[in-house]
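File shown: run05.cif. Contents: mmCIF, C-alpha atoms.
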data_coords
loop_
_atom_site.group_PDB
_atom_site.id
_atom_site.type_symbol
_atom_site.label_atom_id
_atom_site.label_comp_id
_atom_site.auth_asym_id
_atom_site.auth_seq_id
_atom_site.Cartn_x
_atom_site.Cartn_y
_atom_site.Cartn_z
ATOM 1 C CA MET A 1 -21.130 -36.794 3.652
ATOM 2 C CA THR A 2 -19.964 -34.157 6.162
ATOM 3 C CA ARG A 3 -16.310 -33.305 5.755
ATOM 4 C CA LYS A 4 -14.111 -34.129 8.740
ATOM 5 C CA ILE A 5 -10.919 -32.100 9.047
ATOM 6 C CA LYS A 6 -8.546 -32.035 12.001
ATOM 7 C CA ILE A 7 -5.978 -29.273 12.534
ATOM 8 C CA THR A 8 -2.799 -30.282 14.329
ATOM 9 C CA SER A 9 0.530 -28.666 15.140
ATOM 10 C CA ASP A 10 3.513 -29.108 17.450
ATOM 11 C CA SER A 11 4.111 -27.735 20.927
ATOM 12 C CA THR A 12 6.202 -24.800 19.727
ATOM 13 C CA CYS A 13 3.109 -23.029 18.347
ATOM 14 C CA ASP A 14 2.603 -21.747 21.923
ATOM 15 C CA LEU A 15 -1.184 -21.910 21.973
ATOM 16 C CA GLY A 16 -1.234 -23.317 25.493
ATOM 17 C CA LYS A 17 -4.004 -25.508 26.900
ATOM 18 C CA SER A 18 -6.733 -22.884 26.824
ATOM 19 C CA LEU A 19 -6.442 -21.882 23.164
ATOM 20 C CA SER A 20 -5.735 -25.469 22.049
ATOM 21 C CA THR A 21 -8.961 -26.578 23.710
ATOM 22 C CA GLU A 22 -11.003 -23.638 22.427
ATOM 23 C CA TYR A 23 -9.888 -24.176 18.831
ATOM 24 C CA ASP A 24 -9.765 -28.003 19.049
ATOM 25 C CA ILE A 25 -6.070 -28.295 18.178
ATOM 26 C CA GLU A 26 -3.875 -31.264 19.027
ATOM 27 C CA THR A 27 -0.170 -30.507 19.361
ATOM 28 C CA ALA A 28 2.622 -33.057 19.219
ATOM 29 C CA PRO A 29 5.219 -32.372 21.921
ATOM 30 C CA LEU A 30 8.839 -31.831 21.025
ATOM 31 C CA HIS A 31 11.327 -33.351 23.452
ATOM 32 C CA VAL A 32 13.402 -31.665 26.133
ATOM 33 C CA VAL A 33 16.528 -33.684 26.887
ATOM 34 C CA TYR A 34 18.902 -33.598 29.861
ATOM 35 C CA GLY A 35 21.552 -36.254 29.281
ATOM 36 C CA GLU A 36 19.726 -39.593 29.445
ATOM 37 C CA GLU A 37 16.463 -38.011 30.590
ATOM 38 C CA SER A 38 13.907 -37.083 27.940
ATOM 39 C CA PHE A 39 10.717 -35.135 28.645
ATOM 40 C CA ASP A 40 7.731 -34.135 26.516
ATOM 41 C CA ASP A 41 7.282 -30.398 26.071
ATOM 42 C CA MET A 42 4.487 -29.050 28.326
ATOM 43 C CA ILE A 43 3.401 -32.575 29.347
ATOM 44 C CA ASN A 44 5.854 -33.782 31.972
ATOM 45 C CA ILE A 45 8.114 -30.739 32.067
ATOM 46 C CA THR A 46 7.316 -27.027 32.331
ATOM 47 C CA PRO A 47 9.238 -23.862 31.459
ATOM 48 C CA GLU A 48 9.506 -23.178 35.196
ATOM 49 C CA ASP A 49 11.342 -26.504 35.564
ATOM 50 C CA ILE A 50 13.874 -25.431 32.933
ATOM 51 C CA ILE A 51 14.414 -22.009 34.485
ATOM 52 C CA ARG A 52 14.760 -23.511 37.959
ATOM 53 C CA ARG A 53 17.234 -26.172 36.803
ATOM 54 C CA TYR A 54 19.364 -23.564 35.076
ATOM 55 C CA SER A 55 19.308 -21.353 38.163
ATOM 56 C CA GLU A 56 20.399 -24.239 40.388
ATOM 57 C CA LYS A 57 22.743 -26.190 38.101
ATOM 58 C CA LYS A 58 23.534 -23.870 35.179
ATOM 59 C CA GLU A 59 22.276 -26.650 32.920
ATOM 60 C CA LEU A 60 20.245 -26.096 29.764
ATOM 61 C CA PRO A 61 18.556 -28.974 27.928
ATOM 62 C CA LYS A 62 18.909 -30.043 24.346
ATOM 63 C CA THR A 63 15.710 -30.196 22.326
ATOM 64 C CA ALA A 64 14.687 -32.989 19.965
ATOM 65 C CA ALA A 65 12.138 -33.237 17.168
ATOM 66 C CA VAL A 66 8.891 -35.178 17.160
ATOM 67 C CA SER A 67 9.764 -38.503 15.525
ATOM 68 C CA VAL A 68 8.249 -39.965 12.371
ATOM 69 C CA TRP A 69 6.739 -42.783 14.472
ATOM 70 C CA GLU A 70 5.120 -40.320 16.893
ATOM 71 C CA TYR A 71 3.624 -38.364 14.022
ATOM 72 C CA THR A 72 2.433 -41.533 12.347
ATOM 73 C CA GLN A 73 0.550 -42.517 15.496
ATOM 74 C CA MET A 74 -1.048 -39.084 15.850
ATOM 75 C CA PHE A 75 -2.106 -38.794 12.214
ATOM 76 C CA LYS A 76 -3.303 -42.382 11.953
ATOM 77 C CA LYS A 77 -5.835 -42.138 14.785
ATOM 78 C CA TYR A 78 -7.615 -39.302 12.970
ATOM 79 C CA VAL A 79 -7.354 -40.730 9.463
ATOM 80 C CA ASP A 80 -8.643 -44.091 10.694
ATOM 81 C CA ASP A 81 -11.645 -42.209 12.105
ATOM 82 C CA GLY A 82 -12.433 -40.650 8.738
ATOM 83 C CA TYR A 83 -10.628 -37.333 9.107
ATOM 84 C CA GLU A 84 -8.265 -35.526 6.807
ATOM 85 C CA VAL A 85 -5.503 -33.726 8.683
ATOM 86 C CA VAL A 86 -3.902 -30.337 8.107
ATOM 87 C CA HIS A 87 -0.702 -30.179 10.131
ATOM 88 C CA ILE A 88 1.266 -26.954 10.638
ATOM 89 C CA ASN A 89 4.848 -27.189 11.859
ATOM 90 C CA LEU A 90 7.672 -25.226 13.376
ATOM 91 C CA GLY A 91 9.866 -23.814 10.584
ATOM 92 C CA SER A 92 11.839 -26.467 8.719
ATOM 93 C CA SER A 93 15.119 -24.558 8.978
ATOM 94 C CA ILE A 94 14.868 -24.650 12.777
ATOM 95 C CA SER A 95 14.032 -28.320 13.371
ATOM 96 C CA SER A 96 13.658 -31.651 11.592
ATOM 97 C CA THR A 97 10.159 -31.847 13.105
ATOM 98 C CA HIS A 98 8.676 -30.653 9.800
ATOM 99 C CA GLN A 99 10.542 -33.211 7.707
ATOM 100 C CA ASN A 100 9.443 -35.963 10.091
ATOM 101 C CA ALA A 101 5.822 -34.873 9.776
ATOM 102 C CA VAL A 102 6.105 -34.952 5.983
ATOM 103 C CA ALA A 103 7.491 -38.494 6.116
ATOM 104 C CA ALA A 104 4.687 -39.630 8.439
ATOM 105 C CA ALA A 105 2.052 -37.966 6.248
ATOM 106 C CA ALA A 106 3.337 -39.833 3.201
ATOM 107 C CA GLU A 107 3.019 -43.101 5.103
ATOM 108 C CA VAL A 108 -0.469 -42.460 6.520
ATOM 109 C CA GLY A 109 -2.103 -40.540 3.656
ATOM 110 C CA ASN A 110 -4.823 -37.866 3.773
ATOM 111 C CA VAL A 111 -2.491 -35.575 5.736
ATOM 112 C CA TYR A 112 -1.385 -32.170 4.431
ATOM 113 C CA VAL A 113 1.707 -30.721 6.114
ATOM 114 C CA VAL A 114 2.507 -27.000 6.064
ATOM 115 C CA ASP A 115 5.904 -25.512 6.915
ATOM 116 C CA SER A 116 5.133 -22.395 8.951
ATOM 117 C CA GLN A 117 8.636 -21.019 8.333
ATOM 118 C CA SER A 118 8.133 -19.454 11.743
ATOM 119 C CA LEU A 119 7.892 -20.331 15.422
ATOM 120 C CA SER A 120 5.872 -19.601 18.537
ATOM 121 C CA CYS A 121 2.914 -17.292 17.907
ATOM 122 C CA GLY A 122 3.925 -16.970 14.241
ATOM 123 C CA THR A 123 3.056 -20.644 13.813
ATOM 124 C CA GLY A 124 0.126 -20.240 16.197
ATOM 125 C CA LEU A 125 -1.472 -17.608 13.970
ATOM 126 C CA LEU A 126 -1.467 -20.043 11.051
ATOM 127 C CA VAL A 127 -2.941 -22.799 13.201
ATOM 128 C CA LEU A 128 -5.789 -20.572 14.354
ATOM 129 C CA LYS A 129 -6.474 -19.385 10.814
ATOM 130 C CA ALA A 130 -6.673 -23.006 9.664
ATOM 131 C CA SER A 131 -9.165 -23.713 12.446
ATOM 132 C CA ASP A 132 -11.227 -20.701 11.347
ATOM 133 C CA LEU A 133 -11.263 -22.013 7.771
ATOM 134 C CA VAL A 134 -12.571 -25.393 8.928
ATOM 135 C CA LYS A 135 -15.390 -23.783 10.894
ATOM 136 C CA LYS A 136 -16.348 -20.912 8.591
ATOM 137 C CA THR A 137 -15.798 -22.212 5.055
ATOM 138 C CA GLU A 138 -16.464 -25.327 2.996
ATOM 139 C CA LEU A 139 -12.865 -25.600 1.802
ATOM 140 C CA SER A 140 -11.365 -29.069 1.598
ATOM 141 C CA ALA A 141 -8.345 -30.032 3.700
ATOM 142 C CA LYS A 142 -6.105 -29.670 0.653
ATOM 143 C CA GLU A 143 -7.512 -26.206 -0.072
ATOM 144 C CA ILE A 144 -7.048 -25.136 3.551
ATOM 145 C CA ALA A 145 -3.432 -26.282 3.462
ATOM 146 C CA GLU A 146 -2.886 -24.318 0.247
ATOM 147 C CA GLU A 147 -4.469 -21.210 1.792
ATOM 148 C CA ILE A 148 -2.236 -21.508 4.852
ATOM 149 C CA GLU A 149 0.846 -21.942 2.664
ATOM 150 C CA GLU A 150 -0.044 -18.662 0.954
ATOM 151 C CA THR A 151 -0.445 -16.994 4.362
ATOM 152 C CA VAL A 152 3.047 -18.001 5.543
ATOM 153 C CA LYS A 153 4.650 -15.025 3.821
ATOM 154 C CA LYS A 154 2.229 -12.668 5.594
ATOM 155 C CA ILE A 155 3.364 -13.518 9.144
ATOM 156 C CA ARG A 156 4.922 -10.621 11.033
ATOM 157 C CA MET A 157 6.571 -11.914 14.183
ATOM 158 C CA SER A 158 9.332 -10.612 16.452
ATOM 159 C CA PHE A 159 10.286 -10.549 20.111
ATOM 160 C CA VAL A 160 12.562 -8.780 22.564
ATOM 161 C CA ILE A 161 14.749 -10.465 25.165
ATOM 162 C CA ASP A 162 15.444 -8.991 28.578
ATOM 163 C CA ASP A 163 18.556 -11.025 29.397
ATOM 164 C CA LEU A 164 20.878 -12.863 26.985
ATOM 165 C CA GLU A 165 22.011 -15.459 29.553
ATOM 166 C CA PHE A 166 20.123 -18.382 27.955
ATOM 167 C CA LEU A 167 21.306 -17.371 24.493
ATOM 168 C CA ARG A 168 24.895 -17.313 25.767
ATOM 169 C CA ALA A 169 24.553 -20.640 27.586
ATOM 170 C CA GLY A 170 23.117 -22.206 24.450
ATOM 171 C CA GLY A 171 25.997 -20.926 22.335
ATOM 172 C CA ARG A 172 23.904 -18.400 20.414
ATOM 173 C CA CYS A 173 25.832 -15.334 21.558
ATOM 174 C CA SER A 174 29.225 -14.762 23.140
ATOM 175 C CA THR A 175 29.879 -14.077 26.809
ATOM 176 C CA LEU A 176 31.318 -10.715 25.783
ATOM 177 C CA ALA A 177 28.158 -9.769 23.868
ATOM 178 C CA MET A 178 25.997 -10.822 26.817
ATOM 179 C CA LEU A 179 28.056 -8.873 29.360
ATOM 180 C CA GLY A 180 28.037 -5.805 27.138
ATOM 181 C CA ALA A 181 24.281 -5.999 26.590
ATOM 182 C CA ASN A 182 23.614 -6.459 30.294
ATOM 183 C CA LEU A 183 25.987 -3.669 31.281
ATOM 184 C CA LEU A 184 24.353 -1.231 28.865
ATOM 185 C CA SER A 185 20.833 -2.612 29.506
ATOM 186 C CA ILE A 186 20.386 -3.497 25.833
ATOM 187 C CA LYS A 187 17.331 -5.501 24.785
ATOM 188 C CA PRO A 188 17.722 -6.879 21.247
ATOM 189 C CA CYS A 189 14.731 -7.337 18.969
ATOM 190 C CA ILE A 190 14.823 -10.694 17.195
ATOM 191 C CA GLU A 191 13.070 -10.655 13.826
ATOM 192 C CA VAL A 192 11.686 -13.878 12.350
ATOM 193 C CA ASP A 193 12.085 -13.688 8.574
ATOM 194 C CA ASN A 194 9.522 -16.105 7.137
ATOM 195 C CA SER A 195 10.628 -15.217 3.605
ATOM 196 C CA LYS A 196 13.930 -16.958 4.345
ATOM 197 C CA GLY A 197 12.747 -20.161 5.947
ATOM 198 C CA SER A 198 12.315 -18.785 9.481
ATOM 199 C CA ALA A 199 15.752 -17.223 9.633
ATOM 200 C CA MET A 200 16.173 -15.121 12.756
ATOM 201 C CA THR A 201 18.070 -11.873 12.639
ATOM 202 C CA VAL A 202 18.844 -9.199 15.207
ATOM 203 C CA GLY A 203 16.914 -6.016 14.511
ATOM 204 C CA ARG A 204 16.917 -2.870 16.568
ATOM 205 C CA LYS A 205 18.680 -2.925 19.926
ATOM 206 C CA TYR A 206 16.637 -1.105 22.542
ATOM 207 C CA ARG A 207 18.143 0.353 25.683
ATOM 208 C CA GLY A 208 16.576 0.519 29.117
ATOM 209 C CA LYS A 209 14.442 -1.583 31.411
ATOM 210 C CA LEU A 210 11.934 -3.950 29.829
ATOM 211 C CA GLU A 211 8.942 -1.930 31.044
ATOM 212 C CA LYS A 212 10.286 1.033 29.065
ATOM 213 C CA VAL A 213 11.425 -0.944 26.031
ATOM 214 C CA VAL A 214 8.235 -2.964 25.426
ATOM 215 C CA PRO A 215 5.925 0.011 24.671
ATOM 216 C CA GLN A 216 8.523 1.506 22.340
ATOM 217 C CA TYR A 217 9.098 -1.817 20.574
ATOM 218 C CA THR A 218 5.358 -2.452 20.236
ATOM 219 C CA ARG A 219 4.586 0.946 18.727
ATOM 220 C CA GLU A 220 7.471 0.658 16.267
ATOM 221 C CA LYS A 221 6.450 -2.817 15.103
ATOM 222 C CA LEU A 222 2.850 -1.720 14.540
ATOM 223 C CA ALA A 223 3.917 1.481 12.780
ATOM 224 C CA GLN A 224 5.697 -0.531 10.093
ATOM 225 C CA TYR A 225 2.396 -1.747 8.588
ATOM 226 C CA THR A 226 -1.019 -0.479 7.570
ATOM 227 C CA ASN A 227 -2.386 -3.602 5.865
ATOM 228 C CA PHE A 228 -3.236 -5.654 8.953
ATOM 229 C CA ASP A 229 -5.317 -8.802 8.801
ATOM 230 C CA SER A 230 -7.898 -7.651 11.343
ATOM 231 C CA THR A 231 -8.687 -11.126 12.700
ATOM 232 C CA ARG A 232 -6.246 -11.149 15.612
ATOM 233 C CA ALA A 233 -2.917 -10.212 17.100
ATOM 234 C CA PHE A 234 -1.033 -12.675 19.282
ATOM 235 C CA ILE A 235 1.263 -11.787 22.184
ATOM 236 C CA VAL A 236 3.516 -14.443 23.715
ATOM 237 C CA SER A 237 5.809 -14.096 26.714
ATOM 238 C CA ARG A 238 7.762 -16.003 29.316
ATOM 239 C CA ASN A 239 8.278 -14.757 32.873
ATOM 240 C CA VAL A 240 7.350 -11.192 32.014
ATOM 241 C CA SER A 241 5.328 -9.244 34.568
ATOM 242 C CA PRO A 242 1.576 -8.979 33.918
ATOM 243 C CA ASP A 243 1.904 -5.184 33.944
ATOM 244 C CA ILE A 244 4.302 -5.278 30.999
ATOM 245 C CA VAL A 245 2.134 -7.763 29.083
ATOM 246 C CA ASN A 246 -0.930 -5.602 29.761
ATOM 247 C CA SER A 247 0.895 -2.500 28.539
ATOM 248 C CA MET A 248 1.570 -4.239 25.230
ATOM 249 C CA CYS A 249 -2.068 -5.359 24.985
ATOM 250 C CA GLU A 250 -3.291 -1.812 25.612
ATOM 251 C CA ILE A 251 -1.060 -0.368 22.892
ATOM 252 C CA VAL A 252 -2.199 -2.998 20.376
ATOM 253 C CA GLU A 253 -5.827 -2.470 21.342
ATOM 254 C CA SER A 254 -5.518 1.324 20.981
ATOM 255 C CA LEU A 255 -4.586 0.853 17.323
ATOM 256 C CA GLY A 256 -8.086 -0.495 16.653
ATOM 257 C CA ALA A 257 -6.781 -2.813 13.937
ATOM 258 C CA PHE A 258 -7.591 -6.218 15.432
ATOM 259 C CA ASN A 259 -10.829 -7.930 16.414
ATOM 260 C CA GLU A 260 -9.119 -9.799 19.227
ATOM 261 C CA ILE A 261 -5.781 -9.842 21.033
ATOM 262 C CA LEU A 262 -4.646 -13.219 22.303
ATOM 263 C CA THR A 263 -1.987 -13.846 24.916
ATOM 264 C CA SER A 264 -0.125 -16.996 25.885
ATOM 265 C CA GLU A 265 3.125 -18.104 27.456
ATOM 266 C CA ALA A 266 6.081 -19.658 25.669
ATOM 267 C CA SER A 267 6.522 -23.422 25.779
ATOM 268 C CA CYS A 268 9.539 -25.320 27.105
ATOM 269 C CA VAL A 269 11.366 -25.481 23.779
ATOM 270 C CA ILE A 270 11.045 -21.746 23.123
ATOM 271 C CA THR A 271 11.971 -20.980 26.752
ATOM 272 C CA SER A 272 15.081 -23.178 26.610
ATOM 273 C CA HIS A 273 16.415 -21.086 23.725
ATOM 274 C CA CYS A 274 15.322 -17.565 24.693
ATOM 275 C CA GLY A 275 15.032 -17.738 28.460
ATOM 276 C CA PRO A 276 12.844 -15.777 30.874
ATOM 277 C CA GLY A 277 12.028 -12.151 30.211
ATOM 278 C CA THR A 278 11.073 -12.723 26.578
ATOM 279 C CA ILE A 279 8.024 -11.098 24.989
ATOM 280 C CA GLY A 280 6.914 -10.877 21.385
ATOM 281 C CA ILE A 281 4.060 -10.017 19.097
ATOM 282 C CA GLY A 282 2.760 -11.651 15.983
ATOM 283 C CA PHE A 283 0.087 -10.724 13.454
ATOM 284 C CA LEU A 284 -0.788 -11.270 9.817
ATOM 285 C CA THR A 285 -0.909 -8.751 7.008
ATOM 286 C CA THR A 286 -3.076 -8.905 3.913
#
Written as structure tokens, how would this file's structure read?
Amino acid sequence: MTRKIKITSDSTCDLGKSLSTEYDIETAPLHVVYGEESFDDMINITPEDIIRRYSEKKELPKTAAVSVWEYTQMFKKYVDDGYEVVHINLGSSISSTHQNAVAAAAEVGNVYVVDSQSLSCGTGLLVLKASDLVKKTELSAKEIAEEIEETVKKIRMSFVIDDLEFLRAGGRCSTLAMLGANLLSIKPCIEVDNSKGSAMTVGRKYRGKLEKVVPQYTREKLAQYTNFDSTRAFIVSRNVSPDIVNSMCEIVESLGAFNEILTSEASCVITSHCGPGTIGIGFLTT
């Protein structure tokens, strides 16, 4: 009997419609909440809606996890059709989405849940690797999940932020820190530490306009490693000019270390926390 395996994730993996379709990935939307109004990430609300609402009303949303019931419904439709499911989540220290997926998997059965201990393209890299393993190997769903769990510690993901306004509004940095960074044109690099359950720490603080900072940041991130997984690099951004995104792509391509370089834009949940003018790179090491 032919094995049937479905790879799923949540909307914070930032694959976007194009990559999700190409790799046959279903993503469960997290929720974007304004008071009594609740929206589904990238379904009935867009990052542009969030940016516009903040510009007009200085209002940022709360975000809420995918519920156990929602996960149960998603997993069940595949399991009932004879599939096993490998589900890869946003880091468990960031959201209860992972714990809810685990609870749903226990109820449905034949579902293997992996904690990415990352976010955005860090999670996305794991999702795409899982899809590759379905297509190119004969591994079982359980074996694929185990392989992805081993790959978690090999994610290298970081990003730089042009303006700290959304971080300040969300209570993640002080008004004083934001004003100082803006006055001095400081762009902090946020490092995602997957060895510590997706803890995020501030790395180097770059100074200058984003078009100057991004090439410097990109070269420094790549220079830290020599043991690249050559499969792909993944660049994610939100409201960053195409010229800046292209400059990052060109630098990554010039290294000659990756077979492909993917680009996508950040989802609503990621945008609501980091704001516009955010760009990052992710890749795997061996």
Specify as number ranges by chain each residue included when the PyMOL selection byres ((chain A and resi 35-43) around 10) is applied to this file. A: 10-12, 14, 16-17, 28-34, 44-47, 61-64, 66, 266-270
With only C-alpha atoms as the counted atoms, please give the residues lying no more than 7 Å from Lys6 (chain A), apart from itself and same-chain residues fewer than 4 positions off, as a PDB file with C-alpha atoms, keeping the file's coordinate frame.
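The resulting file, out_3.pdb, is reproduced below:
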ATOM      1  CA  TYR A  83     -10.628 -37.333   9.107  1.00  0.00           C
ATOM      2  CA  GLU A  84      -8.265 -35.526   6.807  1.00  0.00           C
ATOM      3  CA  VAL A  85      -5.503 -33.726   8.683  1.00  0.00           C
ATOM      4  CA  VAL A  86      -3.902 -30.337   8.107  1.00  0.00           C
TER       5      VAL A  86
END
Fewer than 5 positions away in the same chain doesn't count, so skip those; otherwise give me all residues within 12 Å of Thr137 (chain A), counting only C-alpha atoms, as an mmCIF file with C-alpha atoms, in the frame of the given file.
data_model
loop_
_atom_site.group_PDB
_atom_site.id
_atom_site.type_symbol
_atom_site.label_atom_id
_atom_site.label_comp_id
_atom_site.auth_asym_id
_atom_site.auth_seq_id
_atom_site.Cartn_x
_atom_site.Cartn_y
_atom_site.Cartn_z
ATOM 1 C CA ARG A 3 -16.310 -33.305 5.755
ATOM 2 C CA ILE A 5 -10.919 -32.100 9.047
ATOM 3 C CA LYS A 129 -6.474 -19.385 10.814
ATOM 4 C CA ALA A 130 -6.673 -23.006 9.664
ATOM 5 C CA SER A 131 -9.165 -23.713 12.446
ATOM 6 C CA ASP A 132 -11.227 -20.701 11.347
ATOM 7 C CA GLU A 143 -7.512 -26.206 -0.072
ATOM 8 C CA ILE A 144 -7.048 -25.136 3.551
ATOM 9 C CA GLU A 147 -4.469 -21.210 1.792
#
Between A:Lys4, A:Lys135, A:Arg52, A:Lys58, single out the one closest to Pro276 (chain A), counting all atoms listed in the file.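 Counting all atoms listed in the file, the residue closest to Pro276 (chain A) is A:Arg52.
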Go through the shown structure with the PyMOL selection byres ((chain A and resi 228-243) around 6) and write out the matching residues as an MDAnalysis selection string. chainID A and resid 226:227 244:246 257:266 276:286
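Of note, CA of Ser9 (chain A) and CA of Leu125 (chain A) are spaced 11.3 Å apart.
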Decode the PyMOL selection byres ((chain A and resi 203) around 6) for the given file into explicit residues and return them as a PyMOL selection string. chain A and resi 189-190+202+204
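Atom pair CA of Lys57 (chain A) / CA of Gly208 (chain A): separated by 28.8 Å.
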Pick out the closest residue to Ile94 (chain A) from this set: A:Val113, A:Ala65, A:Val152, A:Val108. Count only C-alpha atoms.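 Closest residue, counting only C-alpha atoms: A:Ala65.
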Between CA of Glu149 (chain A) and CA of Leu255 (chain A) - distance in Å to one decimal: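 These two atoms are separated by 27.6 Å.
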With distances taken over only C-alpha atoms, which of A:Val127, A:Met200, A:Leu222, A:Ala145 is nearest to Val111 (chain A)?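 Among the listed residues, A:Ala145 lies closest to Val111 (chain A).
Among A:Ile7, A:Ala104, A:Cys121, A:Ile155, the residue with the shortest atom-to-atom distance to Ser67 (chain A), counting all atoms listed in the file, is A:Ala104.
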Box in all listed atoms of region 112-122 of chain A, axis-aligned, with 8 Å more on each side; write out centre and edge lengths in Å to one decimal as lines of an AutoDock Vina configuration file.
center_x = 3.6
center_y = -24.6
center_z = 11.5
size_x = 26.0
size_y = 31.2
size_z = 30.1
